[in-house]
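K.L.:
Have a look at the structure that comes next, please.
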Amino acid sequence: MAFAIEFFIRRLSQGLLIVLLVAFVIFTLLRIAPGDPIRIILGPMATATAMEETARELGLRDPIPVQFGRFIVQVASGDFGHSFIRGKQGGASGGSQDGAPDLSQRASVMDLILTALPYTLILASLGLIFAFLIAIPIGLAAGLNAGRWQQKLGLYISSFFVSLPNIWVGVVLIYLLSAKSGLLPAIGYRGIAYAIIPAIVMAIEMSPILIRAIAVSIAANVQEGYFNVGQVRGIPRSKMIYRHVVRNAAVPLLNVFSAQMIGMLLGGLFVVEYIFSFPGIGLLTINAVFQRDFPIIQAVAILASAVLVLINILVDFASTTIDRRLKF
Amino acid sequence: MTDIPLSARPRSRSVAHRILAGAWATTEMKVAFFIFAALAVLTVVAPFVIDASATKITVADRFLPPIFMEGGRYPYLLGTDQLGRDLLLRSLIGLRNAFAIGIVSVVIMFVIGCAIGIYSGYRGGWVDVVLMRITDVQMSIPVVILAITILGMSRPNAFTVIAVLVLASWPAYARVARSVTLAERQKEYVRAAKILGASDLRIMALHIAPSILPSIAFVAVLDIARMMIFEAIFGFIGIGIQPPTPTFGTIISAGTQYLLNAWWITIVPGFLLALALTSLNLMGGVLERSRNLVLQGQL
């Protein structure tokens, strides 16, 4: 228990520092990059004085460290600020001519994220389920038959799937499954059916990593002595595989779920949501970038890196508690 | 190893040589290399042979399907796009640009990442701690978020696209190079060099780097393909190299508007890209396996 507490205190404080640094990097990048959000908030007709006034009101003319300090204090109390552009009623209110933007009329970033989050979670979990449905049979077959055709097949399939750009797979599937045959709906979201094609795209993107990880980890276990010993003692091969190999192979699989997989999942979600106009966090963020809506971008970047850091900590914790040989 | 006669051991051959030889012995490697070489030759030769243009707008020849379909006609082997430009040539130029970006960015991230990794692992101490925490920070920002933040804010070009890819991916190389260096530092040849009075820089550049880099370099082939996919994604979102330069992302995204009537605009170029990437990934996969066998002393 003492081990767990020490572990979490140490890693969480490190993680907090990492997230803070990520926040600072993104925060600074947004402000030094060209592209003025005020122009988009006020529209093309705004006068220089009006723009200056709005910029001051939003605090964008203060030195970046001052802005960042203010932002962090705000975030610490759970407030990610208000969108520059999006109104409370959902519509974007950019380009209004009536002077300075009234902050109370603008949607809070937290609300926008919480509205989008369920969609992203649906897509992510469906994508993961599909990915496992593809990867488990192929990976198992490849791992159990090292050196035979099944292993080659695993290599071919994963090499092929990694080579398919998700944007292209998305468009092809929209054409085949939706536009041409009308089997499934594709654009937007009006029910769980709308998540199926995007989830398939995510699954094709993620499955190669899983196939490889499963195959390698199963193959390593089959080579170990206990697999043969068990069979010599009269335990059927299928039972050995099902009871012991799969269970032991699951530990290294956990590690795949760290940075690589989650980073890929997050990245994939952004692109796939954009392709399918799927109303999740990714679409929210990409639109925010094009509208220079700093508060939304900052918040998503911070939350995404926090999720990444947290999952890494949890995975490390899980693997150290399952296998004590691994030192934290 | 002990039962092999000394003369038969492949010890005079370098690690790089053995990895390549091991990979080349497989059919997959030969097939993939042949496909890739054929595509490379095609990108160079096609513009001279095909009597069409990748950039000239020919309104009369809009929406022509590929030549194997009804209505398709010479010289548009893979059809034309919404502006009457030849799709095969556009795809090949897109492929060339994507590959150039992929290889340049991987070379840069490899050099920077490995240099930092070797330095970090060799020096150890607080330098190591600081550098590794920086990689932690960098790796905690999802690539796509970083890319849309930087590229979406400015007018992107090849240079900024490469910069973003390098920025997002060097930490992986730094991590690997560092962990290998940590093990390498303890070895006898490094200590011997030190006793002979070699400087740290000399040891890192002339002793450690040549022995650890080949095995990392071969796996970098996989990253070339990955960077090409990112380049396509950036183009699709509109944050890649800007039109009129043909890139896969822009070709595919422009074609989506005509998906129902002219599906080939989006779908055909993708086949070409997928073919090129599959051959690259297959080569990378075989090289990686061959490397692992060499490192385990089985080859």
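Lettering and numbering for the structure tokens are positional, with chains as A, B, ... in the shown order, residues counted from 1 in each chain, and ligands counted from 1 in the shown order.
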Please identify all polymer residues within 8 Å of range 69-81 of chain A, counting only C-alpha atoms, omitting same-chain residues fewer than 2 positions from it, and present them as a VMD selection string.
P.N.:
chain A and resid 65 to 67 83 108 to 110 295 299
K.L.:
Mind writing the picked residues with C-alpha atoms as a PDB file, in the first residue's frame?
P.N.:
```
ATOM      1  CA  PRO A  65       3.620  34.969 -18.985  1.00  0.00           C
ATOM      2  CA  VAL A  66       1.026  37.262 -17.371  1.00  0.00           C
ATOM      3  CA  GLN A  67      -1.717  35.846 -19.564  1.00  0.00           C
ATOM      4  CA  SER A  83     -15.090  30.625 -26.341  1.00  0.00           C
ATOM      5  CA  SER A 108     -18.150  28.312 -21.726  1.00  0.00           C
ATOM      6  CA  VAL A 109     -15.396  26.042 -22.976  1.00  0.00           C
ATOM      7  CA  MET A 110     -16.207  23.431 -20.359  1.00  0.00           C
ATOM      8  CA  PRO A 295      -9.659  29.029 -25.238  1.00  0.00           C
ATOM      9  CA  ALA A 299      -8.415  23.436 -23.029  1.00  0.00           C
TER      10      ALA A 299
END
```
K.L.:
Write down, as an MDAnalysis selection string, each residue of chain A that has any atom within 6 Å of an atom of chain B, counting only C-alpha atoms.
P.N.:
chainID A and resid 18 22 33:35 159:160 163:165 263 267 305
K.L.:
B:Ala25, B:Ala16, B:Val161, B:Ala98: which is nearest Ile212 in chain B, counting only C-alpha atoms?
P.N.:
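Using only C-alpha atoms, the shortest distance to Ile212 in chain B belongs to B:Ala16.
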K.L.:
Using only C-alpha atoms for the distances, tell me which of B:Leu88, B:Tyr119, B:Gln242, B:His207 is nearest to Pro156 in chain B.
P.N.:
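Among B:Leu88, B:Tyr119, B:Gln242, B:His207, it is B:Gln242 that comes nearest to Pro156 in chain B.
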K.L.:
Any idea what the distance is between CA of Ile50 in chain B and CA of Asp86 in chain B?
P.N.:
9.4 Å
K.L.:
Using DSSP on the backbone coordinates, identify the residues of range 5-216 of chain A assigned to strand (DSSP E or B); present them as a PyMOL selection string.
P.N.:
chain A and resi 82-87+92+106-108
K.L.:
Hey, what's within 8 Å of Ser207 in chain A if we count only C-alpha atoms and toss same-chain stuff fewer than 2 positions away? As a list in words, please?
P.N.:
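Within the cut-off, the hits are Ala131, Phe132, Ile134, Ala135, Ser158, Phe161, Ala203, Ile204, Glu205, Ile209, Leu210 and Ile211 of chain A.
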K.L.:
Excluding Ile113 in chain A and residues on its chain fewer than 3 positions from it, collect all residues at most 12 Å away from it, counting only C-alpha atoms, and give them as a PyMOL selection string.
P.N.:
chain A and resi 79-83+107-110+116-121+279-285+288+295-301+303-304
K.L.:
So, with only C-alpha atoms as the atoms that count, which of B:Val130, B:Trp264, B:Gly124, B:Val294 lies closest to Phe68 in chain B?
P.N.:
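Answer, going by the shortest atom-to-atom distance: B:Trp264.
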K.L.:
Give me, please, the distance in Å between CA of Ile103 in chain B and CA of Val271 in chain A, quoted to one decimal.
P.N.:
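Distance reported for this atom pair: 23.0 Å.
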